[in-house]
>>> print(open('my_file-v4.json').read())   # JSON, C-alpha atoms and all ligand atoms
[["chain", "number", "residue", "atom", "x", "y", "z"],
["A", 1, "MET", "CA", 206.49, 86.57, 261.46],
["A", 2, "LYS", "CA", 204.52, 83.81, 259.63],
["A", 3, "MET", "CA", 207.76, 82.27, 258.27],
["A", 4, "PHE", "CA", 209.40, 82.39, 261.72],
["A", 5, "LEU", "CA", 206.42, 80.60, 263.29],
["A", 6, "GLU", "CA", 206.44, 78.01, 260.48],
["A", 7, "THR", "CA", 210.19, 77.30, 260.93],
["A", 8, "LEU", "CA", 209.65, 76.59, 264.63],
["A", 9, "LYS", "CA", 206.41, 74.72, 263.86],
["A", 10, "MET", "CA", 204.72, 77.14, 266.23],
["A", 11, "CYS", "CA", 200.91, 76.99, 266.26],
["A", 12, "LYS", "CA", 198.25, 79.28, 267.62],
["A", 13, "ALA", "CA", 196.09, 77.57, 270.20],
["A", 14, "GLU", "CA", 192.70, 78.82, 271.37],
["A", 15, "ILE", "CA", 191.60, 78.32, 274.95],
["A", 16, "VAL", "CA", 188.26, 76.51, 274.99],
["A", 17, "LYS", "CA", 187.96, 75.93, 278.73],
["A", 18, "VAL", "CA", 189.74, 76.77, 281.99],
["A", 19, "VAL", "CA", 189.40, 74.46, 285.00],
["A", 20, "LYS", "CA", 190.60, 75.15, 288.55],
["A", 21, "GLU", "CA", 192.17, 71.81, 289.54],
["A", 22, "ALA", "CA", 193.54, 72.68, 292.99],
["A", 23, "GLU", "CA", 194.87, 75.61, 295.01],
["A", 24, "GLY", "CA", 197.18, 77.55, 292.63],
["A", 25, "ILE", "CA", 196.78, 75.06, 289.78],
["A", 26, "LYS", "CA", 194.63, 75.49, 286.67],
["A", 27, "SER", "CA", 194.14, 73.45, 283.50],
["A", 28, "LEU", "CA", 193.74, 75.11, 280.12],
["A", 29, "LEU", "CA", 192.01, 73.11, 277.41],
["A", 30, "LEU", "CA", 193.33, 74.28, 274.06],
["A", 31, "GLU", "CA", 192.20, 73.65, 270.53],
["A", 32, "THR", "CA", 195.40, 73.14, 268.55],
["A", 33, "SER", "CA", 196.75, 71.49, 265.43],
["A", 34, "ILE", "CA", 199.96, 70.10, 267.00],
["A", 35, "GLU", "CA", 200.49, 66.34, 266.70],
["A", 36, "LYS", "CA", 199.43, 64.11, 269.58],
["A", 37, "PRO", "CA", 202.15, 64.19, 272.28],
["A", 38, "ILE", "CA", 203.48, 61.04, 273.93],
["A", 39, "PRO", "CA", 202.88, 61.34, 277.70],
["A", 40, "GLY", "CA", 206.02, 62.87, 279.26],
["A", 41, "GLN", "CA", 206.91, 64.94, 276.19],
["A", 42, "PHE", "CA", 206.60, 68.71, 276.60],
["A", 43, "VAL", "CA", 205.46, 71.70, 274.57],
["A", 44, "MET", "CA", 206.89, 75.23, 274.64],
["A", 45, "VAL", "CA", 204.16, 77.73, 275.54],
["A", 46, "TRP", "CA", 204.45, 81.40, 274.62],
["A", 47, "VAL", "CA", 202.24, 84.31, 275.55],
["A", 48, "PRO", "CA", 203.57, 87.40, 273.71],
["A", 49, "GLY", "CA", 205.38, 89.73, 276.11],
["A", 50, "PHE", "CA", 206.33, 86.87, 278.47],
["A", 51, "GLU", "CA", 208.94, 84.08, 278.65],
["A", 52, "GLU", "CA", 208.43, 80.95, 276.56],
["A", 53, "ILE", "CA", 208.13, 78.06, 279.04],
["A", 54, "PRO", "CA", 208.04, 74.23, 278.88],
["A", 55, "ILE", "CA", 204.87, 72.43, 280.02],
["A", 56, "SER", "CA", 204.10, 68.69, 279.86],
["A", 57, "PRO", "CA", 200.55, 68.04, 278.62],
["A", 58, "SER", "CA", 198.16, 66.37, 281.06],
["A", 59, "MET", "CA", 195.80, 65.10, 278.34],
["A", 60, "TYR", "CA", 195.25, 65.09, 274.59],
["A", 61, "GLU", "CA", 192.02, 64.05, 272.93],
["A", 62, "ARG", "CA", 190.95, 64.84, 269.36],
["A", 63, "ASN", "CA", 192.87, 68.13, 268.83],
["A", 64, "VAL", "CA", 192.24, 69.28, 272.39],
["A", 65, "LEU", "CA", 195.38, 69.59, 274.47],
["A", 66, "ARG", "CA", 195.22, 70.05, 278.24],
["A", 67, "LEU", "CA", 197.98, 71.96, 280.04],
["A", 68, "THR", "CA", 197.93, 71.93, 283.83],
["A", 69, "VAL", "CA", 199.88, 74.88, 285.17],
["A", 70, "ALA", "CA", 200.95, 75.85, 288.70],
["A", 71, "THR", "CA", 201.58, 79.55, 289.41],
["A", 72, "VAL", "CA", 205.21, 80.06, 290.35],
["A", 73, "GLY", "CA", 206.23, 83.32, 288.64],
["A", 74, "GLU", "CA", 205.35, 85.97, 286.08],
["A", 75, "THR", "CA", 204.60, 83.76, 283.05],
["A", 76, "THR", "CA", 202.57, 81.15, 284.87],
["A", 77, "ARG", "CA", 200.61, 83.95, 286.61],
["A", 78, "LYS", "CA", 199.84, 85.44, 283.18],
["A", 79, "ILE", "CA", 198.72, 82.01, 281.91],
["A", 80, "HIS", "CA", 196.37, 81.73, 284.91],
["A", 81, "SER", "CA", 194.75, 85.05, 283.96],
["A", 82, "LEU", "CA", 193.82, 83.89, 280.42],
["A", 83, "LYS", "CA", 190.15, 83.25, 279.58],
["A", 84, "PRO", "CA", 188.30, 81.04, 277.06],
["A", 85, "GLY", "CA", 188.48, 82.56, 273.57],
["A", 86, "GLU", "CA", 192.00, 83.97, 274.16],
["A", 87, "ARG", "CA", 194.99, 82.55, 272.30],
["A", 88, "LEU", "CA", 198.57, 81.60, 273.01],
["A", 89, "PHE", "CA", 201.35, 80.00, 270.97],
["A", 90, "ILE", "CA", 202.57, 76.43, 271.24],
["A", 91, "ARG", "CA", 205.46, 74.53, 269.64],
["A", 92, "GLY", "CA", 206.28, 70.87, 270.00],
["A", 93, "PRO", "CA", 205.73, 68.23, 271.19],
["A", 94, "TYR", "CA", 209.41, 67.76, 272.02],
["A", 95, "GLY", "CA", 211.67, 65.27, 273.75],
["A", 96, "ARG", "CA", 211.41, 61.67, 274.86],
["A", 97, "GLY", "CA", 208.22, 60.66, 276.64],
["A", 98, "PHE", "CA", 207.43, 57.62, 278.80],
["A", 99, "ASN", "CA", 207.78, 54.20, 277.19],
["A", 100, "LEU", "CA", 204.32, 52.78, 277.88],
["A", 101, "ASP", "CA", 205.05, 49.51, 276.05],
["A", 102, "GLU", "CA", 207.12, 48.03, 278.88],
["A", 103, "LYS", "CA", 205.72, 44.68, 280.07],
["A", 104, "GLY", "CA", 203.75, 44.21, 283.30],
["A", 105, "ASN", "CA", 201.97, 46.51, 285.75],
["A", 106, "PHE", "CA", 202.74, 50.16, 286.47],
["A", 107, "LEU", "CA", 203.09, 52.20, 289.66],
["A", 108, "LEU", "CA", 202.66, 55.90, 288.86],
["A", 109, "ILE", "CA", 204.05, 58.36, 291.41],
["A", 110, "ALA", "CA", 203.33, 62.09, 291.29],
["A", 111, "GLY", "CA", 204.15, 65.06, 293.48],
["A", 112, "GLY", "CA", 202.55, 68.51, 292.93],
["A", 113, "TYR", "CA", 202.16, 69.57, 289.28],
["A", 114, "GLY", "CA", 204.30, 66.53, 288.35],
["A", 115, "ALA", "CA", 200.87, 64.87, 288.22],
["A", 116, "ALA", "CA", 200.35, 66.46, 284.76],
["A", 117, "PRO", "CA", 202.36, 64.01, 282.60],
["A", 118, "ILE", "CA", 201.57, 61.18, 285.03],
["A", 119, "ILE", "CA", 197.77, 61.44, 284.64],
["A", 120, "TYR", "CA", 198.18, 61.56, 280.86],
["A", 121, "ALA", "CA", 200.34, 58.40, 281.04],
["A", 122, "LEU", "CA", 197.62, 56.84, 283.21],
["A", 123, "HIS", "CA", 194.96, 57.55, 280.54],
["A", 124, "GLU", "CA", 197.08, 55.97, 277.81],
["A", 125, "LEU", "CA", 198.12, 52.94, 279.92],
["A", 126, "ARG", "CA", 194.50, 52.19, 280.81],
["A", 127, "LYS", "CA", 193.56, 52.43, 277.10],
["A", 128, "LYS", "CA", 196.21, 49.73, 276.54],
["A", 129, "GLY", "CA", 194.54, 47.63, 279.30],
["A", 130, "LYS", "CA", 197.51, 47.90, 281.70],
["A", 131, "ASN", "CA", 197.13, 47.49, 285.45],
["A", 132, "VAL", "CA", 197.90, 50.85, 287.06],
["A", 133, "ALA", "CA", 198.18, 52.35, 290.55],
["A", 134, "TYR", "CA", 198.48, 56.11, 291.17],
["A", 135, "ILE", "CA", 200.22, 57.66, 294.16],
["A", 136, "ILE", "CA", 199.64, 61.38, 294.51],
["A", 137, "GLY", "CA", 201.38, 63.51, 297.10],
["A", 138, "ALA", "CA", 200.84, 67.16, 298.02],
["A", 139, "ARG", "CA", 201.29, 69.51, 300.95],
["A", 140, "SER", "CA", 197.56, 69.42, 301.80],
["A", 141, "LYS", "CA", 194.29, 68.02, 300.40],
["A", 142, "ASP", "CA", 193.42, 71.25, 298.54],
["A", 143, "LYS", "CA", 196.60, 70.80, 296.44],
["A", 144, "LEU", "CA", 195.98, 67.17, 295.37],
["A", 145, "LEU", "CA", 195.61, 66.61, 291.63],
["A", 146, "PHE", "CA", 193.53, 64.23, 289.53],
["A", 147, "VAL", "CA", 192.31, 61.92, 292.31],
["A", 148, "SER", "CA", 188.80, 61.45, 290.88],
["A", 149, "GLU", "CA", 190.13, 61.32, 287.31],
["A", 150, "ALA", "CA", 192.49, 58.45, 288.23],
["A", 151, "ARG", "CA", 189.59, 56.62, 289.94],
["A", 152, "LYS", "CA", 187.40, 57.17, 286.85],
["A", 153, "PHE", "CA", 190.08, 55.33, 284.86],
["A", 154, "ASN", "CA", 189.91, 52.44, 287.39],
["A", 155, "ALA", "CA", 193.37, 52.98, 288.81],
["A", 156, "GLU", "CA", 194.09, 52.08, 292.42],
["A", 157, "VAL", "CA", 194.68, 55.44, 294.16],
["A", 158, "TYR", "CA", 196.95, 56.19, 297.13],
["A", 159, "ILE", "CA", 197.00, 59.68, 298.68],
["A", 160, "ALA", "CA", 199.72, 61.28, 300.81],
["A", 161, "THR", "CA", 199.56, 64.77, 302.34],
["A", 162, "ASP", "CA", 202.31, 66.41, 304.37],
["A", 163, "ASP", "CA", 199.78, 67.78, 306.89],
["A", 164, "GLY", "CA", 197.66, 64.59, 307.02],
["A", 165, "SER", "CA", 194.53, 66.44, 305.79],
["A", 166, "LEU", "CA", 193.76, 63.45, 303.52],
["A", 167, "GLY", "CA", 195.21, 59.96, 303.16],
["A", 168, "PHE", "CA", 198.60, 59.00, 304.58],
["A", 169, "LYS", "CA", 200.29, 61.73, 306.67],
["A", 170, "GLY", "CA", 203.69, 62.03, 305.06],
["A", 171, "SER", "CA", 205.24, 61.95, 301.62],
["A", 172, "ALA", "CA", 204.40, 60.09, 298.41],
["A", 173, "VAL", "CA", 207.87, 58.50, 298.70],
["A", 174, "GLU", "CA", 206.98, 56.85, 302.02],
["A", 175, "VAL", "CA", 203.87, 55.33, 300.40],
["A", 176, "ALA", "CA", 205.82, 54.35, 297.28],
["A", 177, "GLU", "CA", 208.64, 52.64, 299.20],
["A", 178, "LYS", "CA", 206.15, 50.07, 300.55],
["A", 179, "LEU", "CA", 204.66, 49.37, 297.10],
["A", 180, "ILE", "CA", 207.48, 49.51, 294.54],
["A", 181, "ALA", "CA", 208.52, 45.86, 294.95],
["A", 182, "LYS", "CA", 205.02, 44.73, 293.83],
["A", 183, "TYR", "CA", 205.33, 46.45, 290.45],
["A", 184, "ASP", "CA", 207.20, 45.78, 287.20],
["A", 185, "ASN", "CA", 207.43, 49.47, 286.28],
["A", 186, "VAL", "CA", 207.53, 52.83, 288.02],
["A", 187, "LEU", "CA", 206.80, 56.15, 286.30],
["A", 188, "ALA", "CA", 207.45, 59.28, 288.36],
["A", 189, "CYS", "CA", 207.36, 63.07, 288.14],
["A", 190, "GLY", "CA", 207.52, 65.70, 290.87],
["A", 191, "PRO", "CA", 210.01, 67.50, 293.13],
["A", 192, "GLU", "CA", 213.58, 66.37, 292.45],
["A", 193, "ARG", "CA", 214.32, 65.24, 296.02],
["A", 194, "MET", "CA", 211.33, 62.89, 295.83],
["A", 195, "LEU", "CA", 212.37, 61.60, 292.41],
["A", 196, "TYR", "CA", 215.94, 60.97, 293.57],
["A", 197, "LYS", "CA", 214.74, 58.75, 296.45],
["A", 198, "ILE", "CA", 212.47, 56.84, 294.08],
["A", 199, "MET", "CA", 215.36, 56.36, 291.64],
["A", 200, "LEU", "CA", 217.57, 54.92, 294.41],
["A", 201, "LYS", "CA", 214.84, 52.56, 295.64],
["A", 202, "CYS", "CA", 214.08, 51.26, 292.15],
["A", 203, "LEU", "CA", 217.79, 50.70, 291.42],
["A", 204, "GLU", "CA", 218.13, 48.82, 294.74],
["A", 205, "LEU", "CA", 215.11, 46.58, 293.95],
["A", 206, "GLY", "CA", 215.81, 46.21, 290.24],
["A", 207, "VAL", "CA", 212.40, 47.69, 289.25],
["A", 208, "LYS", "CA", 212.27, 49.43, 285.86],
["A", 209, "CYS", "CA", 211.88, 53.13, 286.54],
["A", 210, "GLN", "CA", 211.23, 56.06, 284.22],
["A", 211, "ILE", "CA", 211.47, 59.56, 285.64],
["A", 212, "SER", "CA", 210.47, 62.87, 284.06],
["A", 213, "ILE", "CA", 212.89, 65.56, 285.21],
["A", 214, "GLU", "CA", 213.19, 69.34, 284.89],
["A", 215, "ARG", "CA", 216.08, 71.53, 283.84],
["A", 216, "TYR", "CA", 216.12, 75.08, 282.47],
["A", 217, "ILE", "CA", 214.75, 74.79, 278.93],
["A", 218, "LYS", "CA", 215.23, 77.55, 276.38],
["A", 219, "CYS", "CA", 215.38, 76.24, 272.80],
["A", 220, "GLY", "CA", 213.68, 72.91, 273.58],
["A", 221, "ILE", "CA", 215.33, 71.24, 270.60],
["A", 222, "GLY", "CA", 218.85, 70.30, 271.72],
["A", 223, "ILE", "CA", 220.75, 73.34, 270.39],
["A", 224, "CYS", "CA", 221.45, 75.89, 273.16],
["A", 225, "GLY", "CA", 222.85, 73.60, 275.90],
["A", 226, "SER", "CA", 220.94, 75.29, 278.76],
["A", 227, "CYS", "CA", 219.38, 72.03, 279.95],
["A", 228, "VAL", "CA", 222.51, 69.84, 280.06],
["A", 229, "LEU", "CA", 222.82, 67.28, 282.86],
["A", 230, "ASP", "CA", 226.49, 66.82, 283.76],
["A", 231, "PRO", "CA", 228.78, 64.90, 283.71],
["A", 232, "LYS", "CA", 227.09, 62.74, 281.05],
["A", 233, "GLY", "CA", 226.13, 65.74, 278.92],
["A", 234, "LEU", "CA", 222.51, 64.59, 278.63],
["A", 235, "ARG", "CA", 220.24, 67.20, 277.09],
["A", 236, "VAL", "CA", 217.03, 67.14, 279.08],
["A", 237, "CYS", "CA", 215.01, 68.69, 276.23],
["A", 238, "SER", "CA", 216.00, 66.13, 273.60],
["A", 239, "ASP", "CA", 217.51, 63.08, 275.41],
["A", 240, "GLY", "CA", 214.72, 63.43, 278.04],
["A", 241, "PRO", "CA", 212.81, 64.84, 279.86],
["A", 242, "VAL", "CA", 211.99, 61.18, 280.64],
["A", 243, "PHE", "CA", 215.01, 59.06, 281.61],
["A", 244, "TYR", "CA", 215.44, 55.54, 282.95],
["A", 245, "ALA", "CA", 216.90, 55.42, 286.48],
["A", 246, "GLU", "CA", 220.14, 53.87, 285.16],
["A", 247, "GLU", "CA", 220.68, 56.89, 282.89],
["A", 248, "LEU", "CA", 220.25, 59.35, 285.77],
["A", 249, "ALA", "CA", 222.50, 57.47, 288.19],
["A", 250, "ASN", "CA", 225.92, 59.11, 288.68],
["A", 251, "THR", "CA", 224.83, 62.44, 287.22],
["A", 252, "GLU", "CA", 224.10, 65.72, 288.99],
["A", 253, "PHE", "CA", 220.40, 64.70, 289.11],
["A", 254, "GLY", "CA", 219.28, 64.92, 292.75],
["A", 255, "LYS", "CA", 222.31, 67.04, 293.62],
["A", 256, "TYR", "CA", 222.49, 70.20, 291.49],
["A", 257, "TYR", "CA", 220.22, 72.28, 289.21],
["A", 258, "THR", "CA", 221.87, 74.61, 286.70],
["A", 259, "TYR", "CA", 220.25, 78.02, 286.26],
["A", 260, "PRO", "CA", 221.20, 80.33, 283.40],
["A", 261, "PRO", "CA", 223.93, 81.53, 282.86],
["A", 262, "GLY", "CA", 225.41, 78.23, 284.12],
["A", 263, "ILE", "CA", 224.99, 78.79, 287.87],
["A", 264, "LYS", "CA", 224.72, 75.51, 289.79],
["A", 265, "LYS", "CA", 222.57, 75.44, 292.93],
["A", 266, "PRO", "CA", 222.18, 72.44, 295.25],
["A", 267, "ILE", "CA", 218.81, 70.63, 295.14],
["A", 268, "GLU", "CA", 216.88, 71.48, 298.32],
["A", 301, "LIG", "C1", 210.00, 69.40, 280.84],
["A", 301, "LIG", "C2", 209.25, 70.33, 281.76],
["A", 301, "LIG", "C3", 207.89, 70.15, 281.92],
["A", 301, "LIG", "C4", 207.17, 71.00, 282.77],
["A", 301, "LIG", "N1", 205.82, 70.79, 282.92],
["A", 301, "LIG", "C5", 205.11, 71.59, 283.74],
["A", 301, "LIG", "C6", 203.71, 71.38, 283.90],
["A", 301, "LIG", "O1", 203.10, 70.48, 283.32],
["A", 301, "LIG", "N2", 203.05, 72.23, 284.72],
["A", 301, "LIG", "C7", 203.68, 73.25, 285.39],
["A", 301, "LIG", "O2", 203.01, 74.00, 286.12],
["A", 301, "LIG", "N3", 205.00, 73.47, 285.24],
["A", 301, "LIG", "C8", 205.74, 72.67, 284.44],
["A", 301, "LIG", "N4", 207.09, 72.89, 284.30],
["A", 301, "LIG", "C9", 207.72, 74.00, 285.04],
["A", 301, "LIG", "C10", 207.46, 75.33, 284.33],
["A", 301, "LIG", "O3", 208.13, 75.34, 283.09],
["A", 301, "LIG", "C11", 207.97, 76.48, 285.22],
["A", 301, "LIG", "O4", 207.21, 76.49, 286.42],
["A", 301, "LIG", "C12", 207.80, 77.82, 284.51],
["A", 301, "LIG", "O5", 208.76, 77.91, 283.49],
["A", 301, "LIG", "C13", 207.94, 78.97, 285.47],
["A", 301, "LIG", "O6", 207.89, 80.18, 284.76],
["A", 301, "LIG", "P1", 207.47, 81.56, 285.46],
["A", 301, "LIG", "O7", 207.85, 82.67, 284.54],
["A", 301, "LIG", "O8", 206.08, 81.53, 285.93],
["A", 301, "LIG", "O9", 208.36, 81.61, 286.77],
["A", 301, "LIG", "P2", 209.85, 82.17, 286.96],
["A", 301, "LIG", "O10", 209.80, 83.11, 288.10],
["A", 301, "LIG", "O11", 210.45, 82.63, 285.67],
["A", 301, "LIG", "O12", 210.63, 80.85, 287.39],
["A", 301, "LIG", "C14", 210.32, 80.14, 288.57],
["A", 301, "LIG", "C15", 211.08, 78.81, 288.50],
["A", 301, "LIG", "O13", 210.55, 78.03, 287.41],
["A", 301, "LIG", "C16", 211.59, 77.35, 286.74],
["A", 301, "LIG", "N5", 211.68, 77.82, 285.33],
["A", 301, "LIG", "C17", 211.52, 79.07, 284.88],
["A", 301, "LIG", "N6", 211.69, 79.12, 283.55],
["A", 301, "LIG", "C18", 211.98, 77.84, 283.16],
["A", 301, "LIG", "C19", 212.30, 77.23, 281.92],
["A", 301, "LIG", "N7", 212.38, 77.94, 280.79],
["A", 301, "LIG", "N8", 212.54, 75.90, 281.91],
["A", 301, "LIG", "C20", 212.45, 75.18, 283.04],
["A", 301, "LIG", "N9", 212.17, 75.69, 284.23],
["A", 301, "LIG", "C21", 211.94, 77.02, 284.30],
["A", 301, "LIG", "C22", 212.89, 77.65, 287.50],
["A", 301, "LIG", "O14", 213.05, 76.64, 288.50],
["A", 301, "LIG", "C23", 212.59, 78.95, 288.17],
["A", 301, "LIG", "O15", 213.32, 79.15, 289.34],
["A", 301, "LIG", "C24", 207.84, 72.04, 283.46],
["A", 301, "LIG", "C25", 209.22, 72.21, 283.31],
["A", 301, "LIG", "C26", 209.92, 71.36, 282.48],
["A", 301, "LIG", "C27", 211.41, 71.53, 282.33],
["A", 302, "LIG", "S1", 216.97, 73.67, 276.01],
["A", 302, "LIG", "FE1", 218.41, 74.12, 274.46],
["A", 302, "LIG", "S2", 219.63, 72.29, 274.40],
["A", 302, "LIG", "FE2", 218.00, 71.81, 275.76]]
>>> encode(input="my_file-v4.json", output="structure tokens")
Amino acid sequence: MKMFLETLKMCKAEIVKVVKEAEGIKSLLLETSIEKPIPGQFVMVWVPGFEEIPISPSMYERNVLRLTVATVGETTRKIHSLKPGERLFIRGPYGRGFNLDEKGNFLLIAGGYGAAPIIYALHELRKKGKNVAYIIGARSKDKLLFVSEARKFNAEVYIATDDGSLGFKGSAVEVAEKLIAKYDNVLACGPERMLYKIMLKCLELGVKCQISIERYIKCGIGICGSCVLDPKGLRVCSDGPVFYAEELANTEFGKYYTYPPGIKKPIE
């Protein structure tokens, strides 16, 4: 068992704090010895007896890793039930994160739990002294993530809710479409339909755009092929999960998601 964990560079991580961030979304602060992730990279999280799943850290500070998890199924429900003092297993960080060294100002766009890697990128960009704005979209105000945290880091904050319970009534994309032209860079993570529209707008305006996308991740290290984005054969776990808009153009991104064992379903 010890040798197996060492081969995968899997570490035990102890939960030091659990924070309820929004309706159905909790953050776990974990003490761990993994190396500092680049925002946008992911770790594989394993609770024995459950699936191993990919999660993009929402913060890392002095050996404390924050994972912000939405409940969608069995494994994420189990993660939500864990308490401080309990342990889980982590391997990574894996994949390509956001390139935060691009020149100029940054517009950060997040939908739902896609705010996790985006708020971490915001922390690191502000540490580099970059000018940052944060657009956060959710169905209603009780599902919005990291609004006060973004303000604490002196980012300009724009809020969009589908039901109009706070900020602009409508989607983060509608807010973003009015702002993108003012920025040198866009970083985005969230539902794929939203990301696809942002990709198209950035390509039209010639704004540099990096998008963190999701596909079904099993090995996490480029071996099993479960996360491939056709027809370019991009492996989301190792070539991504962050891609420039030009790399995603003319792929099945925005059109199809492949579920194991290779079943393609249209993006809704
Ligand atoms: C690179 C990456 C980063 C992610 N970061 C976060 C994050 O920061 N916070 C967060 O809440 N969620 C994140 N997710 C999504 C998270 O991995 C899924 O919600 C989780 O795997 C669901 O597991 P489940 O057993 O609870 O639900 P299930 O019922 O097993 O699955 C529900 C849905 O989750 C997705 N899913 C399930 N297993 C996987 C898998 N192995 N790989 C990818 N998608 C899967 C599928 O769309 C599936 O239909 C990320 C996904 C990827 C690919
Ligand atoms: S998850 Fe195995 S190749 Fe990407």
>>> residues_near_ligand(input="my_file-v4.json", ligand="ligand LIG 302 (chain A)", cutoff="7 Å", atoms="only C-alpha atoms and all ligand atoms", output="NGL selection string")
:A and (216-228 or 235-238)
>>> closest_atom_pairs(input="my_file-v4.json", of="segment 48-135 of chain A", to="segment 242-248 of chain A", cutoff="10 Å", atoms="only C-alpha atoms", output="tab-separated table")
residue	atom	partner	partner_atom	distance
A:Gly95	CA	A:Val242	CA	8.0
A:Arg96	CA	A:Val242	CA	5.8
A:Gly97	CA	A:Val242	CA	5.5
A:Phe98	CA	A:Val242	CA	6.1
A:Asn99	CA	A:Val242	CA	8.9
>>> axis_aligned_box(input="my_file-v4.json", around="segment 99-105 of chain A", padding_each_side="8 Å", output="JSON")
{"center_x": 204.9, "center_y": 49.2, "center_z": 280.9, "size_x": 21.8, "size_y": 26.0, "size_z": 25.7}
>>> closest_residue(input="my_file-v4.json", among="A:Ser212, A:Asn185, A:Ser27, A:Thr32", to="Ala70 of chain A", atoms="all atoms listed in the file")
A:Ser27
>>> closest_atom_pairs(input="my_file-v4.json", of="chain A", to="ligand LIG 301 (chain A)", cutoff="7 Å", atoms="all atoms listed in the file", output="Markdown table")
| residue | atom | partner | partner_atom | distance |
| --- | --- | --- | --- | --- |
| A:Phe42 | CA | A:LIG301 | C1 | 5.5 |
| A:Glu51 | CA | A:LIG301 | O7 | 6.2 |
| A:Glu52 | CA | A:LIG301 | N7 | 6.5 |
| A:Ile53 | CA | A:LIG301 | O5 | 4.5 |
| A:Pro54 | CA | A:LIG301 | O3 | 4.4 |
| A:Ile55 | CA | A:LIG301 | N1 | 3.5 |
| A:Ser56 | CA | A:LIG301 | O1 | 4.0 |
| A:Pro57 | CA | A:LIG301 | O1 | 5.9 |
| A:Ser58 | CA | A:LIG301 | O1 | 6.8 |
| A:Leu67 | CA | A:LIG301 | O1 | 6.3 |
| A:Thr68 | CA | A:LIG301 | N2 | 5.2 |
| A:Val69 | CA | A:LIG301 | O2 | 3.4 |
| A:Ala70 | CA | A:LIG301 | O2 | 3.8 |
| A:Thr71 | CA | A:LIG301 | O8 | 6.0 |
| A:Val72 | CA | A:LIG301 | O8 | 4.7 |
| A:Gly73 | CA | A:LIG301 | O8 | 3.3 |
| A:Glu74 | CA | A:LIG301 | O7 | 4.4 |
| A:Thr75 | CA | A:LIG301 | O7 | 3.7 |
| A:Thr76 | CA | A:LIG301 | O8 | 3.7 |
| A:Arg77 | CA | A:LIG301 | O8 | 6.0 |
| A:Tyr113 | CA | A:LIG301 | N2 | 5.4 |
| A:Gly114 | CA | A:LIG301 | O1 | 6.5 |
| A:Ala116 | CA | A:LIG301 | O1 | 5.1 |
| A:Pro117 | CA | A:LIG301 | O1 | 6.6 |
| A:Ile213 | CA | A:LIG301 | C1 | 6.5 |
| A:Glu214 | CA | A:LIG301 | C27 | 3.8 |
| A:Arg215 | CA | A:LIG301 | C27 | 4.9 |
| A:Tyr216 | CA | A:LIG301 | N8 | 3.7 |
| A:Ile217 | CA | A:LIG301 | N8 | 3.9 |
| A:Lys218 | CA | A:LIG301 | N7 | 5.3 |
| A:Cys237 | CA | A:LIG301 | C1 | 6.8 |
| A:Pro241 | CA | A:LIG301 | C1 | 5.4 |
>>> residues_around(input="my_file-v4.json", residues="segment 8-14 of chain A", least_positions_apart="2", cutoff="9 Å", atoms="only C-alpha atoms", output="ChimeraX atom specification")
/A:3-6,16,29-34,44,84-92
>>> atom_distance(input="my_file-v4.json", atom1="atom CA of Pro93 of chain A", atom2="atom CA of Ala133 of chain A")
26.2 Å
